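**Student:** One structure, pasted below without further comment.
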Amino acid sequence: MRKNRLRELLNADEPSLGTHVHSPWPSIVELVGASGMFDYVEYVSEYAPYDLHTFEHIARAVELFDHMTAMIKVEQEPRSHLAGRAIGAGIQNVLFADVRTVEDVQECVAAVRAETPETGGRHGASSRRNVGFGAEGGSPAFVQAMEDAVIMVMIEKAPAVENLEALLSVRGVDMVQFGPGDYSMSIGHPGEYGHPKVKEAEKYVIETSLKMGVQPRAEIGSPDQAQGYLDMGVKHFCLGTDVSILRAWFKTEGEAMRGVLGKA
């Protein structure tokens, strides 16, 4: 089984850096890997087009680089199915969106961890790509790989923030990510990411996670946004998104060229 770079960094209490990718084109993942700057790629399947072949193509691209692993962000339904198929394809870590209750979090963890008396998951032996199409399915190495898979949950709904300590008490949760977009909607302030209640909730999620031994991650658009999170004790970041980078380039450079043409 392949080593899991993100798990290694968590175990060593070292910082980690990822980036978001929406494009299903695996060459984008190769470009990330060739930079040598990122520990993992997060494929944001919640927002992107894909089929099951996409998961394998992304995993193969990641495996060209020993320093890198992959994560997938899956939507609330069908979360268990998508997590299992992505892991089976070779994507080693999972970010679960839209959790609200302890039962939601328990379902997320069970979808990843192996089904043994000790680990208590529901992930059974398989003949998928990550186990050599059956060569290591159900083996001790497979069970350990499922234990090494990093499980992150989005804390982005009002009930999740209100019951945060109970959610983080579920054994197997490794990381959390606050989601201001969904949270602002869930408290009646859609789009107000800077609203005092939203910022207060984010601070509470970070502080509580650290207190409970669960690592918070921050999503930022540029390195100059990191310092405030570093001051709060955050050491895990996901920097940038391919579609946002392209959108900004199309706008700024297109506008500049329109000016050159006299058609601003």
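Ligands are numbered from 1 in the order shown, residues from 1 within each chain, and chains are lettered A, B, ... in the order they appear in the structure tokens.
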Enumerate the residues of region 86-207 of chain A with a DSSP assignment of helix (DSSP H, G or I), computed from the backbone, and present them as a PyMOL selection string.

**Tutor:** chain A and resi 86-89+102-112+129-131+140-148+158-162+164-168+180-186+196-207

**Student:** What lies within 12 Å of Asp231 (chain A) using only C-alpha atoms, ignoring chain neighbours under 5 positions off, as a VMD selection string?

**Tutor:** chain A and resid 203 206 to 207 225 to 226

**Student:** So, counting only C-alpha atoms, which residue among A:Gly18, A:Gly36, A:Gly172, A:Gly90 is closest to Arg128 (chain A)?

**Tutor:**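 The answer is A:Gly90, which sits nearest to Arg128 (chain A).
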
**Student:** Which parts of region 36-181 of chain A does DSSP call strand (DSSP E) when run on the backbone here, written out as a PyMOL selection string?

**Tutor:** chain A and resi 40-43+69-74+93-96+151-155+175-178

**Student:** For Thr241 (chain A), please output as a ChimeraX atom specification all residues within 8 Å (counting only C-alpha atoms; exclusion window: fewer than 5 positions along the same chain).

**Tutor:** /A:19-22,221

**Student:** Contacts of region 182-185 of chain A at 6 Å or less, counting only C-alpha atoms, minus same-chain residues fewer than 5 places along, as a list in words?

**Tutor:**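 Near region 182-185 of chain A, the qualifying residues are Glu156, Lys157 and Pro190 of chain A.
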
**Student:** Region 52-60 of chain A: which residues within 12 Å, counting only C-alpha atoms, same-chain residues fewer than 3 positions away excluded, as JSON, numbers by chain?

**Tutor:** {"A": [2, 21, 22, 23, 24, 25, 26, 27, 28, 29, 30, 31, 32, 33, 40, 41, 42, 43, 44, 45, 48, 49, 63, 64, 65, 66, 68, 69, 70, 71, 72, 73, 74, 81, 82, 83, 84, 85, 86, 87, 88, 89, 90, 91, 92, 93, 128, 129, 130]}

**Student:** Let's have the selection written as a short mmCIF file (atom, residue, chain, number, x, y, z; two decimals), in the first residue's frame, with N, CA and C atoms.

**Tutor:**
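Written output follows (again-v5.cif):
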data_model
loop_
_atom_site.label_atom_id
_atom_site.label_comp_id
_atom_site.auth_asym_id
_atom_site.auth_seq_id
_atom_site.Cartn_x
_atom_site.Cartn_y
_atom_site.Cartn_z
N ARG A 2 0.43 2.28 -0.69
CA ARG A 2 1.23 3.50 -0.82
C ARG A 2 1.21 4.30 0.49
N VAL A 21 -8.55 21.51 -6.68
CA VAL A 21 -8.65 21.31 -8.12
C VAL A 21 -10.08 20.90 -8.46
N HIS A 22 -10.70 21.63 -9.37
CA HIS A 22 -12.03 21.29 -9.89
C HIS A 22 -11.93 20.52 -11.20
N SER A 23 -10.89 20.78 -11.96
CA SER A 23 -10.77 20.18 -13.28
C SER A 23 -10.56 18.68 -13.17
N PRO A 24 -11.31 17.89 -13.95
CA PRO A 24 -11.08 16.45 -13.96
C PRO A 24 -9.90 16.04 -14.84
N TRP A 25 -9.25 17.00 -15.48
CA TRP A 25 -8.11 16.70 -16.34
C TRP A 25 -6.90 16.36 -15.47
N PRO A 26 -6.39 15.14 -15.50
CA PRO A 26 -5.31 14.76 -14.59
C PRO A 26 -4.01 15.51 -14.81
N SER A 27 -3.83 16.12 -15.97
CA SER A 27 -2.62 16.89 -16.20
C SER A 27 -2.53 18.11 -15.29
N ILE A 28 -3.67 18.63 -14.83
CA ILE A 28 -3.64 19.72 -13.85
C ILE A 28 -3.01 19.22 -12.55
N VAL A 29 -3.36 18.01 -12.15
CA VAL A 29 -2.75 17.42 -10.96
C VAL A 29 -1.25 17.24 -11.16
N GLU A 30 -0.86 16.84 -12.37
CA GLU A 30 0.57 16.70 -12.66
C GLU A 30 1.29 18.04 -12.53
N LEU A 31 0.66 19.11 -12.98
CA LEU A 31 1.27 20.44 -12.85
C LEU A 31 1.49 20.80 -11.39
N VAL A 32 0.51 20.48 -10.55
CA VAL A 32 0.65 20.72 -9.12
C VAL A 32 1.83 19.93 -8.57
N GLY A 33 1.88 18.65 -8.91
CA GLY A 33 2.96 17.81 -8.41
C GLY A 33 4.33 18.26 -8.89
N TYR A 40 -0.60 17.76 -0.95
CA TYR A 40 -1.76 17.02 -1.47
C TYR A 40 -2.59 17.91 -2.39
N VAL A 41 -3.36 17.24 -3.23
CA VAL A 41 -4.35 17.87 -4.09
C VAL A 41 -5.72 17.48 -3.56
N GLU A 42 -6.58 18.46 -3.37
CA GLU A 42 -7.97 18.16 -3.00
C GLU A 42 -8.84 18.29 -4.24
N TYR A 43 -9.36 17.15 -4.70
CA TYR A 43 -10.30 17.17 -5.83
C TYR A 43 -11.69 17.48 -5.28
N VAL A 44 -12.25 18.61 -5.71
CA VAL A 44 -13.49 19.11 -5.13
C VAL A 44 -14.67 18.55 -5.91
N SER A 45 -14.93 17.27 -5.72
CA SER A 45 -15.98 16.63 -6.52
C SER A 45 -17.36 17.15 -6.18
N ALA A 48 -17.61 19.70 -8.98
CA ALA A 48 -16.99 19.46 -10.28
C ALA A 48 -17.63 18.28 -10.99
N PRO A 49 -17.51 18.22 -12.33
CA PRO A 49 -18.00 17.05 -13.07
C PRO A 49 -17.01 15.90 -12.95
N GLU A 63 0.23 9.72 -8.03
CA GLU A 63 1.24 8.70 -7.74
C GLU A 63 2.53 8.86 -8.53
N LEU A 64 2.56 9.83 -9.44
CA LEU A 64 3.82 10.16 -10.11
C LEU A 64 4.78 10.89 -9.17
N PHE A 65 4.26 11.34 -8.00
CA PHE A 65 5.03 12.20 -7.11
C PHE A 65 5.03 11.61 -5.70
N ASP A 66 6.19 11.21 -5.24
CA ASP A 66 6.29 10.59 -3.92
C ASP A 66 5.95 11.54 -2.78
N MET A 68 3.50 13.61 -2.60
CA MET A 68 2.14 14.13 -2.66
C MET A 68 1.12 13.01 -2.50
N THR A 69 -0.03 13.37 -1.92
CA THR A 69 -1.17 12.47 -1.85
C THR A 69 -2.40 13.22 -2.36
N ALA A 70 -3.56 12.59 -2.25
CA ALA A 70 -4.79 13.19 -2.74
C ALA A 70 -5.87 13.15 -1.68
N MET A 71 -6.79 14.10 -1.79
CA MET A 71 -7.99 14.16 -0.96
C MET A 71 -9.16 14.41 -1.89
N ILE A 72 -10.32 13.93 -1.51
CA ILE A 72 -11.54 14.24 -2.26
C ILE A 72 -12.56 14.86 -1.32
N LYS A 73 -13.23 15.89 -1.80
CA LYS A 73 -14.34 16.48 -1.05
C LYS A 73 -15.63 15.91 -1.62
N VAL A 74 -16.41 15.24 -0.77
CA VAL A 74 -17.64 14.62 -1.24
C VAL A 74 -18.84 15.31 -0.62
N HIS A 81 -20.93 6.04 -0.53
CA HIS A 81 -20.60 5.45 -1.82
C HIS A 81 -19.41 6.15 -2.46
N LEU A 82 -19.46 7.48 -2.50
CA LEU A 82 -18.39 8.24 -3.14
C LEU A 82 -17.07 8.07 -2.41
N ALA A 83 -17.10 8.06 -1.08
CA ALA A 83 -15.87 7.87 -0.31
C ALA A 83 -15.25 6.52 -0.60
N GLY A 84 -16.07 5.49 -0.61
CA GLY A 84 -15.55 4.15 -0.87
C GLY A 84 -14.97 4.00 -2.25
N ARG A 85 -15.64 4.56 -3.26
CA ARG A 85 -15.13 4.43 -4.61
C ARG A 85 -13.88 5.27 -4.83
N ALA A 86 -13.82 6.45 -4.20
CA ALA A 86 -12.62 7.29 -4.34
C ALA A 86 -11.42 6.63 -3.67
N ILE A 87 -11.61 6.09 -2.48
CA ILE A 87 -10.51 5.40 -1.80
C ILE A 87 -10.08 4.18 -2.61
N GLY A 88 -11.04 3.46 -3.14
CA GLY A 88 -10.73 2.30 -3.96
C GLY A 88 -9.95 2.65 -5.21
N ALA A 89 -10.15 3.87 -5.71
CA ALA A 89 -9.42 4.32 -6.89
C ALA A 89 -7.99 4.73 -6.56
N GLY A 90 -7.71 5.02 -5.27
CA GLY A 90 -6.37 5.43 -4.87
C GLY A 90 -6.29 6.81 -4.25
N ILE A 91 -7.43 7.49 -4.10
CA ILE A 91 -7.46 8.78 -3.41
C ILE A 91 -7.52 8.48 -1.91
N GLN A 92 -6.51 8.87 -1.17
CA GLN A 92 -6.30 8.33 0.16
C GLN A 92 -7.04 9.02 1.30
N ASN A 93 -7.52 10.24 1.09
CA ASN A 93 -8.09 11.03 2.18
C ASN A 93 -9.41 11.63 1.75
N ARG A 128 -10.36 -3.48 -5.69
CA ARG A 128 -10.21 -2.21 -6.40
C ARG A 128 -8.74 -1.84 -6.59
N ARG A 129 -8.54 -0.73 -7.23
CA ARG A 129 -7.19 -0.34 -7.65
C ARG A 129 -6.25 -0.14 -6.48
N ASN A 130 -6.72 0.42 -5.38
CA ASN A 130 -5.82 0.76 -4.27
C ASN A 130 -5.22 -0.47 -3.60
#

**Student:** Please measure the separation of CA of Val198 (chain A) and CA of Ser186 (chain A), giving the value in Å to one decimal.

**Tutor:** 10.3 Å

**Student:** Near Ala141 (chain A), within 9 Å and counting only C-alpha atoms, which residues show up once chain neighbours fewer than 5 positions away are dropped, as a ChimeraX atom specification?

**Tutor:** /A:1,136,146

**Student:** Please measure the separation of CA of Arg7 (chain A) and CA of Val94 (chain A), giving the value in Å to one decimal.

**Tutor:**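 If I compute the distance from CA of Arg7 (chain A) to CA of Val94 (chain A), I get 11.8 Å.
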